[in-house]
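One file, upload.tsv, is given below (TSV, C-alpha atoms).
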```tsv
chain	number	residue	atom	x	y	z
S	1	MET	CA	-6.61	18.69	12.48
S	2	GLU	CA	-4.32	19.73	9.66
S	3	GLN	CA	-1.32	18.78	11.75
S	4	LEU	CA	-2.58	15.21	11.90
S	5	THR	CA	-2.58	14.69	8.11
S	6	TYR	CA	0.57	12.60	7.93
S	7	LEU	CA	-0.02	10.76	11.23
S	8	GLY	CA	-3.61	10.09	10.21
S	9	LEU	CA	-2.48	8.44	6.98
S	10	LEU	CA	-0.20	6.12	8.94
S	11	VAL	CA	-2.99	5.20	11.36
S	12	GLY	CA	-5.22	4.59	8.33
S	13	CYS	CA	-2.68	2.09	6.97
S	14	LEU	CA	-2.73	0.17	10.25
S	15	VAL	CA	-6.55	0.19	10.43
S	16	VAL	CA	-6.99	-0.98	6.83
S	17	THR	CA	-4.53	-3.86	7.24
S	18	ALA	CA	-5.64	-4.92	10.75
S	19	PRO	CA	-8.19	-7.49	9.47
S	20	LEU	CA	-5.35	-9.44	7.86
S	21	GLU	CA	-4.03	-10.20	11.34
S	22	LEU	CA	-7.38	-10.35	13.15
S	23	VAL	CA	-9.51	-12.21	10.61
S	24	LEU	CA	-7.09	-13.91	8.21
S	25	ARG	CA	-4.69	-14.66	11.11
S	26	VAL	CA	-1.45	-14.17	9.17
S	27	ARG	CA	0.43	-13.92	12.50
S	28	VAL	CA	2.73	-11.02	11.68
S	29	TYR	CA	2.00	-9.01	14.83
S	30	ALA	CA	2.30	-12.32	16.68
S	31	ARG	CA	5.88	-12.58	15.36
S	32	TRP	CA	6.75	-9.00	16.29
S	33	ARG	CA	10.33	-9.79	17.37
S	34	ARG	CA	11.05	-11.39	14.02
S	35	PHE	CA	9.44	-8.46	12.27
S	36	LEU	CA	11.59	-5.94	14.14
S	37	LEU	CA	14.71	-7.93	13.26
S	38	ALA	CA	13.66	-8.07	9.60
S	39	ILE	CA	13.23	-4.30	9.28
S	40	VAL	CA	16.64	-3.38	10.71
S	41	PRO	CA	18.30	-3.12	7.25
S	42	GLU	CA	15.36	-1.22	5.76
S	43	LEU	CA	15.17	1.19	8.70
S	44	ALA	CA	18.91	1.86	8.66
S	45	VAL	CA	19.21	2.41	4.90
S	46	PHE	CA	16.09	4.52	4.43
S	47	VAL	CA	16.48	6.73	7.49
S	48	VAL	CA	20.02	7.53	6.31
S	49	TRP	CA	18.62	8.20	2.83
S	50	VAL	CA	16.02	10.61	4.21
S	51	LEU	CA	18.61	12.39	6.35
S	52	TYR	CA	20.77	12.82	3.26
S	53	ALA	CA	17.78	14.01	1.19
S	54	ILE	CA	16.86	16.58	3.85
S	55	ALA	CA	20.47	17.78	4.10
S	56	GLN	CA	20.71	18.08	0.28
S	57	GLY	CA	17.27	19.66	0.03
S	58	HIS	CA	15.86	16.95	-2.26
S	59	TRP	CA	12.58	17.25	-0.43
S	60	ASN	CA	11.11	18.83	2.66
S	61	TYR	CA	8.13	18.44	4.95
S	62	SER	CA	5.21	20.73	5.67
S	63	ALA	CA	5.24	22.27	9.15
S	64	VAL	CA	1.44	22.56	9.16
S	65	ARG	CA	0.53	19.09	7.82
S	66	THR	CA	2.75	17.30	10.33
S	67	LEU	CA	3.12	17.48	14.11
S	68	ASP	CA	6.32	19.40	13.29
S	69	VAL	CA	8.27	17.38	15.82
S	70	ARG	CA	11.73	17.04	14.26
S	71	LEU	CA	14.25	14.47	15.39
S	72	PRO	CA	18.02	15.01	15.01
S	73	GLY	CA	18.86	15.65	11.36
S	74	GLY	CA	15.50	17.34	10.82
S	75	ILE	CA	13.54	14.14	10.19
S	76	PRO	CA	9.86	14.45	11.24
S	77	VAL	CA	8.68	11.86	13.74
S	78	GLU	CA	6.00	10.72	11.25
S	79	GLU	CA	8.69	9.92	8.69
S	80	VAL	CA	10.40	7.55	11.12
S	81	LEU	CA	7.04	5.91	11.86
S	82	PHE	CA	6.49	5.62	8.09
S	83	PHE	CA	9.50	3.29	7.90
S	84	LEU	CA	7.89	1.06	10.55
S	85	VAL	CA	4.28	1.18	9.38
S	86	VAL	CA	4.79	0.67	5.63
S	87	PRO	CA	7.03	-2.41	6.09
S	88	LEU	CA	4.47	-3.80	8.54
S	89	CYS	CA	1.67	-3.37	5.99
S	90	SER	CA	3.88	-4.83	3.25
S	91	VAL	CA	4.67	-7.95	5.28
S	92	LEU	CA	0.96	-8.30	6.15
S	93	ALA	CA	0.15	-8.13	2.43
S	94	LEU	CA	2.76	-10.75	1.54
S	95	GLU	CA	1.61	-13.13	4.27
S	96	ALA	CA	-2.03	-12.60	3.28
S	97	VAL	CA	-1.35	-13.46	-0.39
S	98	ARG	CA	0.65	-16.46	0.70
S	99	ARG	CA	-2.07	-17.61	3.09
S	100	VAL	CA	-4.82	-17.27	0.50
S	101	THR	CA	-2.97	-18.76	-2.47
S	102	GLY	CA	-0.56	-21.18	-0.78
S	103	TRP	CA	2.20	-20.00	-3.15
S	104	ASP	CA	5.79	-20.62	-2.16
S	105	ALA	CA	7.64	-17.68	-0.60
S	106	GLY	CA	10.93	-19.51	-0.23
S	107	TYR	CA	10.76	-20.20	3.49
S	108	PRO	CA	8.88	-22.78	5.55
S	109	ALA	CA	5.45	-21.88	6.80
S	110	GLU	CA	5.17	-20.54	10.32
S	111	GLU	CA	4.78	-23.18	13.05
S	112	ALA	CA	1.19	-22.39	13.93
S	113	GLY	CA	0.08	-22.91	10.35
S	114	LEU	CA	2.47	-25.76	9.64
S	115	SER	CA	0.04	-28.68	9.61
S	116	VAL	CA	-2.44	-26.95	7.33
S	117	GLN	CA	0.24	-25.76	4.93
S	118	LYS	CA	1.92	-29.15	4.93
S	119	VAL	CA	-1.23	-30.92	3.80
S	120	ARG	CA	-1.93	-28.37	1.11
S	121	ARG	CA	1.52	-28.02	-0.35
S	122	GLY	CA	3.09	-31.38	0.34
S	123	ALA	CA	6.03	-32.15	2.59
S	124	GLY	CA	8.49	-31.55	-0.25
S	125	THR	CA	8.43	-27.82	0.32
S	126	PHE	CA	9.78	-28.39	3.79
S	127	GLY	CA	12.36	-31.00	2.89
S	128	THR	CA	15.07	-28.70	1.60
S	129	GLY	CA	18.27	-29.69	3.22
S	130	SER	CA	16.60	-31.44	6.14
S	131	PRO	CA	16.56	-35.24	6.42
S	132	ARG	CA	13.59	-34.87	8.75
S	133	GLY	CA	11.59	-32.87	6.26
S	134	GLN	CA	9.48	-35.85	5.35
S	135	ALA	CA	8.81	-36.87	8.94
L	1	MET	CA	23.76	12.66	-5.90
L	2	SER	CA	20.25	13.54	-7.06
L	3	TYR	CA	17.15	11.72	-5.86
L	4	SER	CA	16.87	10.13	-9.32
L	5	THR	CA	20.39	8.66	-9.21
L	6	LEU	CA	19.95	7.37	-5.66
L	7	ALA	CA	16.62	5.76	-6.56
L	8	VAL	CA	18.17	3.81	-9.45
L	9	VAL	CA	21.14	2.77	-7.31
L	10	ALA	CA	18.77	1.59	-4.56
L	11	VAL	CA	16.80	-0.64	-6.96
L	12	VAL	CA	19.97	-2.26	-8.27
L	13	ALA	CA	21.28	-2.72	-4.73
L	14	VAL	CA	18.15	-4.47	-3.42
L	15	LEU	CA	18.13	-6.79	-6.44
L	16	VAL	CA	21.70	-7.77	-5.56
L	17	VAL	CA	20.73	-8.28	-1.91
L	18	ASP	CA	17.67	-10.38	-2.78
L	19	LEU	CA	19.31	-12.51	-5.47
L	20	ALA	CA	22.94	-12.78	-4.40
L	21	VAL	CA	23.28	-11.88	-0.71
L	22	TYR	CA	20.22	-13.37	1.01
L	23	ARG	CA	19.40	-15.56	-2.00
L	24	THR	CA	15.74	-15.22	-1.01
L	25	ARG	CA	14.88	-14.67	-4.72
L	26	MET	CA	11.69	-12.79	-3.88
L	27	VAL	CA	11.66	-11.01	-7.25
L	28	THR	CA	11.33	-14.39	-8.99
L	29	ARG	CA	8.20	-15.34	-7.06
L	30	LYS	CA	4.52	-15.01	-7.95
L	31	VAL	CA	3.63	-14.43	-4.29
L	32	PHE	CA	5.95	-11.40	-4.16
L	33	TRP	CA	4.64	-9.72	-7.33
L	34	THR	CA	1.01	-10.30	-6.35
L	35	ALA	CA	1.63	-8.72	-2.95
L	36	TYR	CA	3.62	-5.93	-4.61
L	37	ALA	CA	0.73	-5.13	-6.97
L	38	ILE	CA	-1.51	-4.62	-3.95
L	39	ILE	CA	1.15	-2.59	-2.12
L	40	VAL	CA	1.88	-0.31	-5.10
L	41	PHE	CA	-1.83	0.50	-5.46
L	42	PHE	CA	-1.95	1.71	-1.86
L	43	GLN	CA	1.40	3.45	-2.27
L	44	LEU	CA	0.04	5.55	-5.14
L	45	LEU	CA	-2.98	6.40	-3.00
L	46	MET	CA	-0.96	7.42	0.05
L	47	ASN	CA	1.77	9.12	-1.96
L	48	GLY	CA	-0.88	11.01	-3.87
L	49	VAL	CA	-2.27	12.43	-0.64
L	50	LEU	CA	1.19	13.18	0.80
L	51	THR	CA	2.37	15.08	-2.27
L	52	GLY	CA	-1.04	16.38	-3.37
L	53	LEU	CA	-1.54	18.09	0.00
L	54	ASP	CA	2.10	19.23	0.05
L	55	VAL	CA	2.94	17.26	3.17
L	56	VAL	CA	6.15	16.48	1.29
L	57	VAL	CA	7.53	18.95	-1.25
L	58	TYR	CA	10.22	18.00	-3.77
L	59	ASP	CA	12.98	20.15	-5.20
L	60	GLU	CA	12.41	20.07	-8.97
L	61	ARG	CA	16.18	20.07	-9.56
L	62	ALA	CA	16.62	16.76	-7.74
L	63	ILE	CA	14.05	14.83	-9.82
L	64	TRP	CA	13.51	13.89	-13.48
L	65	GLY	CA	10.17	15.71	-13.69
L	66	PRO	CA	7.41	13.24	-14.63
L	67	ARG	CA	4.91	12.56	-11.87
L	68	ILE	CA	2.35	9.86	-11.13
L	69	ALA	CA	-0.53	10.85	-8.84
L	70	TYR	CA	1.35	14.08	-7.91
L	71	ALA	CA	4.46	12.16	-6.79
L	72	PRO	CA	7.73	12.03	-8.77
L	73	VAL	CA	8.19	8.73	-10.65
L	74	GLU	CA	11.31	8.20	-8.56
L	75	ASP	CA	8.99	7.43	-5.64
L	76	LEU	CA	8.06	4.19	-7.36
L	77	LEU	CA	11.72	3.15	-7.38
L	78	PHE	CA	12.11	4.29	-3.76
L	79	GLY	CA	9.02	2.28	-2.79
L	80	PHE	CA	10.12	-0.79	-4.72
L	81	ALA	CA	13.55	-0.75	-3.05
L	82	MET	CA	12.01	-0.28	0.38
L	83	VAL	CA	9.36	-2.98	0.03
L	84	THR	CA	11.69	-5.49	-1.63
L	85	LEU	CA	14.40	-5.03	1.01
L	86	THR	CA	11.78	-5.48	3.74
L	87	LEU	CA	10.18	-8.59	2.26
L	88	ALA	CA	13.50	-10.22	1.37
L	89	SER	CA	14.75	-9.60	4.93
L	90	TRP	CA	11.49	-10.97	6.32
L	91	ALA	CA	11.92	-14.09	4.19
L	92	ALA	CA	15.55	-14.46	5.29
L	93	VAL	CA	14.68	-14.13	8.98
L	94	ASN	CA	11.81	-16.61	8.70
L	95	ARG	CA	13.80	-19.08	6.65
L	96	ARG	CA	16.39	-19.16	9.42
L	97	ALA	CA	13.97	-19.22	12.35
L	98	ASN	CA	11.51	-21.78	10.95
L	99	THR	CA	14.21	-24.11	9.70
L	100	ALA	CA	15.88	-24.00	13.12
L	101	THR	CA	12.56	-24.80	14.79
L	102	ARG	CA	11.93	-27.82	12.58
L	103	ARG	CA	15.40	-29.15	13.18
L	104	GLY	CA	15.14	-28.69	16.93
L	105	LEU	CA	17.99	-26.19	16.83
L	106	ASP	CA	16.02	-23.65	18.84
L	107	THR	CA	16.07	-25.82	21.98
L	108	ASP	CA	18.84	-26.38	24.49
L	109	THR	CA	18.87	-30.11	23.89
L	110	ARG	CA	20.89	-31.37	20.97
L	111	PRO	CA	19.07	-33.06	18.08
L	112	SER	CA	18.69	-36.81	18.43
L	113	SER	CA	21.76	-38.67	17.19
L	114	THR	CA	19.75	-41.78	16.37
L	115	ARG	CA	18.20	-40.21	13.29
```

Is it possible to express this structure as structure tokens?
Amino acid sequence: MEQLTYLGLLVGCLVVTAPLELVLRVRVYARWRRFLLAIVPELAVFVVWVLYAIAQGHWNYSAVRTLDVRLPGGIPVEEVLFFLVVPLCSVLALEAVRRVTGWDAGYPAEEAGLSVQKVRRGAGTFGTGSPRGQA
Amino acid sequence: MSYSTLAVVAVVAVLVVDLAVYRTRMVTRKVFWTAYAIIVFFQLLMNGVLTGLDVVVYDERAIWGPRIAYAPVEDLLFGFAMVTLTLASWAAVNRRANTATRRGLDTDTRPSSTR
């Protein structure tokens, strides 16, 4: 059981945020390709950071509170999953706040929610740079 | 470079990316800070467990010293950089994809020339 501490926390994150997709229908899992594309910079930068931190001894990981499966560079498999799960939860949180409040996030609403968002926020939000924005 | 130095550099770098590279300007938006407030609450919770149970152990020489919920304060900078880079990239990807969809640029046919 001890070995599942870190993995269990990650699963907990996914369970706690699941209702945002299932009930609030923020459509983040539904846009999984876009999500994977969006986390490329984060994944690259932070995995390199962790590899450097491990090499320099800035921090280290418990062998008993993790599965102790180390990938090249000594990074635990849970730590790689961390850089997938936490961004996923963060995007879910952003989309949930946006869905509930209708506040502008700087990009057009997703297609499936377009008509609803358009009525609520006015076509102006969508008109930036597009002559068809008002259509 | 120490963890502290890297954490400060990372925060500055993501601000540059958000404001000047992507120009997504997430850090100027109410929707971002509201989401971030929620995220940071859960970060403190999760980080507290990770460091409180010694899943992750820090070298005292690589950090400033002060801790919040067992975790070094640098973790807040690390988390901010990570979340901001993720959300700004998400905004950039969606801005591109959704704008293309509305303009009909995602189809094989060219947009109508009569409009």

Output as JSON lines one row per residue of chain S within 8 Å of chain L: the closest atom pair and its distance in Å to one decimal place, counting all atoms listed in the file, sorted by chain and residue number ascending.
```
{"residue": "S:Thr5", "atom": "CA", "partner": "L:Val55", "partner_atom": "CA", "distance": 7.8}
{"residue": "S:Tyr6", "atom": "CA", "partner": "L:Val55", "partner_atom": "CA", "distance": 7.1}
{"residue": "S:Leu9", "atom": "CA", "partner": "L:Met46", "partner_atom": "CA", "distance": 7.2}
{"residue": "S:Arg34", "atom": "CA", "partner": "L:Val93", "partner_atom": "CA", "distance": 6.8}
{"residue": "S:Phe35", "atom": "CA", "partner": "L:Trp90", "partner_atom": "CA", "distance": 6.8}
{"residue": "S:Leu37", "atom": "CA", "partner": "L:Val93", "partner_atom": "CA", "distance": 7.5}
{"residue": "S:Ala38", "atom": "CA", "partner": "L:Trp90", "partner_atom": "CA", "distance": 4.9}
{"residue": "S:Ile39", "atom": "CA", "partner": "L:Thr86", "partner_atom": "CA", "distance": 5.8}
{"residue": "S:Pro41", "atom": "CA", "partner": "L:Leu85", "partner_atom": "CA", "distance": 7.6}
{"residue": "S:Glu42", "atom": "CA", "partner": "L:Thr86", "partner_atom": "CA", "distance": 5.9}
{"residue": "S:Phe46", "atom": "CA", "partner": "L:Met82", "partner_atom": "CA", "distance": 7.5}
{"residue": "S:Ala53", "atom": "CA", "partner": "L:Tyr3", "partner_atom": "CA", "distance": 7.4}
{"residue": "S:Gly57", "atom": "CA", "partner": "L:Asp59", "partner_atom": "CA", "distance": 6.8}
{"residue": "S:His58", "atom": "CA", "partner": "L:Asp59", "partner_atom": "CA", "distance": 5.2}
{"residue": "S:Trp59", "atom": "CA", "partner": "L:Tyr58", "partner_atom": "CA", "distance": 4.2}
{"residue": "S:Asn60", "atom": "CA", "partner": "L:Val57", "partner_atom": "CA", "distance": 5.3}
{"residue": "S:Tyr61", "atom": "CA", "partner": "L:Val56", "partner_atom": "CA", "distance": 4.6}
{"residue": "S:Ser62", "atom": "CA", "partner": "L:Val55", "partner_atom": "CA", "distance": 4.8}
{"residue": "S:Arg65", "atom": "CA", "partner": "L:Val55", "partner_atom": "CA", "distance": 5.5}
{"residue": "S:Thr66", "atom": "CA", "partner": "L:Val55", "partner_atom": "CA", "distance": 7.2}
{"residue": "S:Pro87", "atom": "CA", "partner": "L:Thr86", "partner_atom": "CA", "distance": 6.1}
{"residue": "S:Ser90", "atom": "CA", "partner": "L:Ile39", "partner_atom": "CA", "distance": 6.4}
{"residue": "S:Val91", "atom": "CA", "partner": "L:Leu87", "partner_atom": "CA", "distance": 6.3}
{"residue": "S:Ala93", "atom": "CA", "partner": "L:Ala35", "partner_atom": "CA", "distance": 5.6}
{"residue": "S:Leu94", "atom": "CA", "partner": "L:Ala35", "partner_atom": "CA", "distance": 5.1}
{"residue": "S:Val97", "atom": "CA", "partner": "L:Ala35", "partner_atom": "CA", "distance": 6.2}
{"residue": "S:Arg98", "atom": "CA", "partner": "L:Val31", "partner_atom": "CA", "distance": 6.2}
{"residue": "S:Trp103", "atom": "CA", "partner": "L:Val31", "partner_atom": "CA", "distance": 5.9}
{"residue": "S:Asp104", "atom": "CA", "partner": "L:Val31", "partner_atom": "CA", "distance": 6.9}
{"residue": "S:Ala105", "atom": "CA", "partner": "L:Val31", "partner_atom": "CA", "distance": 6.3}
{"residue": "S:Gly106", "atom": "CA", "partner": "L:Thr24", "partner_atom": "CA", "distance": 6.5}
{"residue": "S:Tyr107", "atom": "CA", "partner": "L:Arg95", "partner_atom": "CA", "distance": 4.5}
{"residue": "S:Pro108", "atom": "CA", "partner": "L:Asn98", "partner_atom": "CA", "distance": 6.1}
{"residue": "S:Ala109", "atom": "CA", "partner": "L:Asn98", "partner_atom": "CA", "distance": 7.3}
{"residue": "S:Glu110", "atom": "CA", "partner": "L:Asn98", "partner_atom": "CA", "distance": 6.5}
{"residue": "S:Glu111", "atom": "CA", "partner": "L:Asn98", "partner_atom": "CA", "distance": 7.2}
{"residue": "S:Ser130", "atom": "CA", "partner": "L:Arg103", "partner_atom": "CA", "distance": 7.5}
{"residue": "S:Arg132", "atom": "CA", "partner": "L:Arg103", "partner_atom": "CA", "distance": 7.5}
```

Writer output for current selection, C-alpha atoms, as an mmCIF file, in the frame of the given file:
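Okay, result_2.cif is ready:
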```cif
data_model
loop_
_atom_site.group_PDB
_atom_site.id
_atom_site.type_symbol
_atom_site.label_atom_id
_atom_site.label_comp_id
_atom_site.auth_asym_id
_atom_site.auth_seq_id
_atom_site.Cartn_x
_atom_site.Cartn_y
_atom_site.Cartn_z
ATOM 1 C CA THR S 5 -2.580 14.690 8.110
ATOM 2 C CA TYR S 6 0.570 12.600 7.930
ATOM 3 C CA LEU S 9 -2.480 8.440 6.980
ATOM 4 C CA ARG S 34 11.050 -11.390 14.020
ATOM 5 C CA PHE S 35 9.440 -8.460 12.270
ATOM 6 C CA LEU S 37 14.710 -7.930 13.260
ATOM 7 C CA ALA S 38 13.660 -8.070 9.600
ATOM 8 C CA ILE S 39 13.230 -4.300 9.280
ATOM 9 C CA PRO S 41 18.300 -3.120 7.250
ATOM 10 C CA GLU S 42 15.360 -1.220 5.760
ATOM 11 C CA PHE S 46 16.090 4.520 4.430
ATOM 12 C CA ALA S 53 17.780 14.010 1.190
ATOM 13 C CA GLY S 57 17.270 19.660 0.030
ATOM 14 C CA HIS S 58 15.860 16.950 -2.260
ATOM 15 C CA TRP S 59 12.580 17.250 -0.430
ATOM 16 C CA ASN S 60 11.110 18.830 2.660
ATOM 17 C CA TYR S 61 8.130 18.440 4.950
ATOM 18 C CA SER S 62 5.210 20.730 5.670
ATOM 19 C CA ARG S 65 0.530 19.090 7.820
ATOM 20 C CA THR S 66 2.750 17.300 10.330
ATOM 21 C CA PRO S 87 7.030 -2.410 6.090
ATOM 22 C CA SER S 90 3.880 -4.830 3.250
ATOM 23 C CA VAL S 91 4.670 -7.950 5.280
ATOM 24 C CA ALA S 93 0.150 -8.130 2.430
ATOM 25 C CA LEU S 94 2.760 -10.750 1.540
ATOM 26 C CA VAL S 97 -1.350 -13.460 -0.390
ATOM 27 C CA ARG S 98 0.650 -16.460 0.700
ATOM 28 C CA TRP S 103 2.200 -20.000 -3.150
ATOM 29 C CA ASP S 104 5.790 -20.620 -2.160
ATOM 30 C CA ALA S 105 7.640 -17.680 -0.600
ATOM 31 C CA GLY S 106 10.930 -19.510 -0.230
ATOM 32 C CA TYR S 107 10.760 -20.200 3.490
ATOM 33 C CA PRO S 108 8.880 -22.780 5.550
ATOM 34 C CA ALA S 109 5.450 -21.880 6.800
ATOM 35 C CA GLU S 110 5.170 -20.540 10.320
ATOM 36 C CA GLU S 111 4.780 -23.180 13.050
ATOM 37 C CA SER S 130 16.600 -31.440 6.140
ATOM 38 C CA ARG S 132 13.590 -34.870 8.750
#
```

### Task
Rounded to one decimal place, report the atom CA of Pro72 of chain S-atom CA of Leu10 of chain S distance in Å.
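For atom CA of Pro72 of chain S relative to atom CA of Leu10 of chain S, the distance reads 21.2 Å.
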
Need the axis-aligned box for segment 28-33 of chain L with 5 Å each side, so what are the centre and edges in Å to one decimal, as JSON?
```
{"center_x": 7.5, "center_y": -12.5, "center_z": -6.6, "size_x": 17.7, "size_y": 15.6, "size_z": 14.8}
```

### Distance in Å - atom CA of Ala100 of chain L versus atom CA of Arg33 of chain S
15.8 Å

### Message
Could you check the closest approach to Leu84 of chain S for each of S:Gly12, S:Val47, S:Pro19, S:Leu4 and tell me which residue wins, using all atoms listed in the file?
### Response
S:Val47

### Query
How many Å separate atom CA of Ala44 of chain S from atom CA of Glu95 of chain S?
23.3 Å

### Query
Nearest to Glu78 of chain S: which of S:Leu7, S:Val64, S:Met1, S:Val16 is it, counting all atoms listed in the file?
S:Leu7

Can you put N, CA and C atoms back into segment 87-105 of chain L and show it as a PDB file, in the coordinates of the input?
```pdb
ATOM      1  N   LEU L  87      10.731  -7.252   2.432  1.00  0.00           N
ATOM      2  CA  LEU L  87      10.180  -8.590   2.260  1.00  0.00           C
ATOM      3  C   LEU L  87      11.277  -9.643   2.122  1.00  0.00           C
ATOM      4  N   ALA L  88      12.382  -9.283   1.485  1.00  0.00           N
ATOM      5  CA  ALA L  88      13.500 -10.220   1.370  1.00  0.00           C
ATOM      6  C   ALA L  88      14.109 -10.481   2.754  1.00  0.00           C
ATOM      7  N   SER L  89      14.226  -9.429   3.567  1.00  0.00           N
ATOM      8  CA  SER L  89      14.750  -9.600   4.930  1.00  0.00           C
ATOM      9  C   SER L  89      13.804 -10.441   5.771  1.00  0.00           C
ATOM     10  N   TRP L  90      12.518 -10.188   5.616  1.00  0.00           N
ATOM     11  CA  TRP L  90      11.490 -10.970   6.320  1.00  0.00           C
ATOM     12  C   TRP L  90      11.603 -12.448   5.941  1.00  0.00           C
ATOM     13  N   ALA L  91      11.772 -12.710   4.659  1.00  0.00           N
ATOM     14  CA  ALA L  91      11.920 -14.090   4.190  1.00  0.00           C
ATOM     15  C   ALA L  91      13.184 -14.711   4.768  1.00  0.00           C
ATOM     16  N   ALA L  92      14.270 -13.942   4.786  1.00  0.00           N
ATOM     17  CA  ALA L  92      15.550 -14.460   5.290  1.00  0.00           C
ATOM     18  C   ALA L  92      15.448 -14.783   6.779  1.00  0.00           C
ATOM     19  N   VAL L  93      14.821 -13.911   7.542  1.00  0.00           N
ATOM     20  CA  VAL L  93      14.680 -14.130   8.980  1.00  0.00           C
ATOM     21  C   VAL L  93      13.796 -15.352   9.247  1.00  0.00           C
ATOM     22  N   ASN L  94      12.708 -15.478   8.501  1.00  0.00           N
ATOM     23  CA  ASN L  94      11.810 -16.610   8.700  1.00  0.00           C
ATOM     24  C   ASN L  94      12.403 -17.930   8.231  1.00  0.00           C
ATOM     25  N   ARG L  95      13.156 -17.872   7.161  1.00  0.00           N
ATOM     26  CA  ARG L  95      13.800 -19.080   6.650  1.00  0.00           C
ATOM     27  C   ARG L  95      14.702 -19.646   7.746  1.00  0.00           C
ATOM     28  N   ARG L  96      15.455 -18.757   8.379  1.00  0.00           N
ATOM     29  CA  ARG L  96      16.390 -19.160   9.420  1.00  0.00           C
ATOM     30  C   ARG L  96      15.633 -19.678  10.647  1.00  0.00           C
ATOM     31  N   ALA L  97      14.679 -18.889  11.110  1.00  0.00           N
ATOM     32  CA  ALA L  97      13.970 -19.220  12.350  1.00  0.00           C
ATOM     33  C   ALA L  97      13.142 -20.498  12.199  1.00  0.00           C
ATOM     34  N   ASN L  98      12.396 -20.625  11.106  1.00  0.00           N
ATOM     35  CA  ASN L  98      11.510 -21.780  10.950  1.00  0.00           C
ATOM     36  C   ASN L  98      12.290 -23.055  10.678  1.00  0.00           C
ATOM     37  N   THR L  99      13.393 -22.928   9.968  1.00  0.00           N
ATOM     38  CA  THR L  99      14.210 -24.110   9.700  1.00  0.00           C
ATOM     39  C   THR L  99      14.836 -24.591  11.006  1.00  0.00           C
ATOM     40  N   ALA L 100      15.292 -23.652  11.831  1.00  0.00           N
ATOM     41  CA  ALA L 100      15.880 -24.000  13.120  1.00  0.00           C
ATOM     42  C   ALA L 100      14.858 -24.693  14.006  1.00  0.00           C
ATOM     43  N   THR L 101      13.612 -24.206  13.966  1.00  0.00           N
ATOM     44  CA  THR L 101      12.560 -24.800  14.790  1.00  0.00           C
ATOM     45  C   THR L 101      12.318 -26.248  14.371  1.00  0.00           C
ATOM     46  N   ARG L 102      12.237 -26.462  13.063  1.00  0.00           N
ATOM     47  CA  ARG L 102      11.930 -27.820  12.580  1.00  0.00           C
ATOM     48  C   ARG L 102      13.056 -28.789  12.886  1.00  0.00           C
ATOM     49  N   ARG L 103      14.271 -28.265  12.925  1.00  0.00           N
ATOM     50  CA  ARG L 103      15.400 -29.150  13.180  1.00  0.00           C
ATOM     51  C   ARG L 103      15.694 -29.289  14.669  1.00  0.00           C
ATOM     52  N   GLY L 104      14.922 -28.622  15.495  1.00  0.00           N
ATOM     53  CA  GLY L 104      15.140 -28.690  16.930  1.00  0.00           C
ATOM     54  C   GLY L 104      16.336 -27.886  17.376  1.00  0.00           C
ATOM     55  N   LEU L 105      16.799 -26.967  16.504  1.00  0.00           N
ATOM     56  CA  LEU L 105      17.990 -26.190  16.830  1.00  0.00           C
ATOM     57  C   LEU L 105      17.685 -25.007  17.746  1.00  0.00           C
TER      58      LEU L 105
END
```
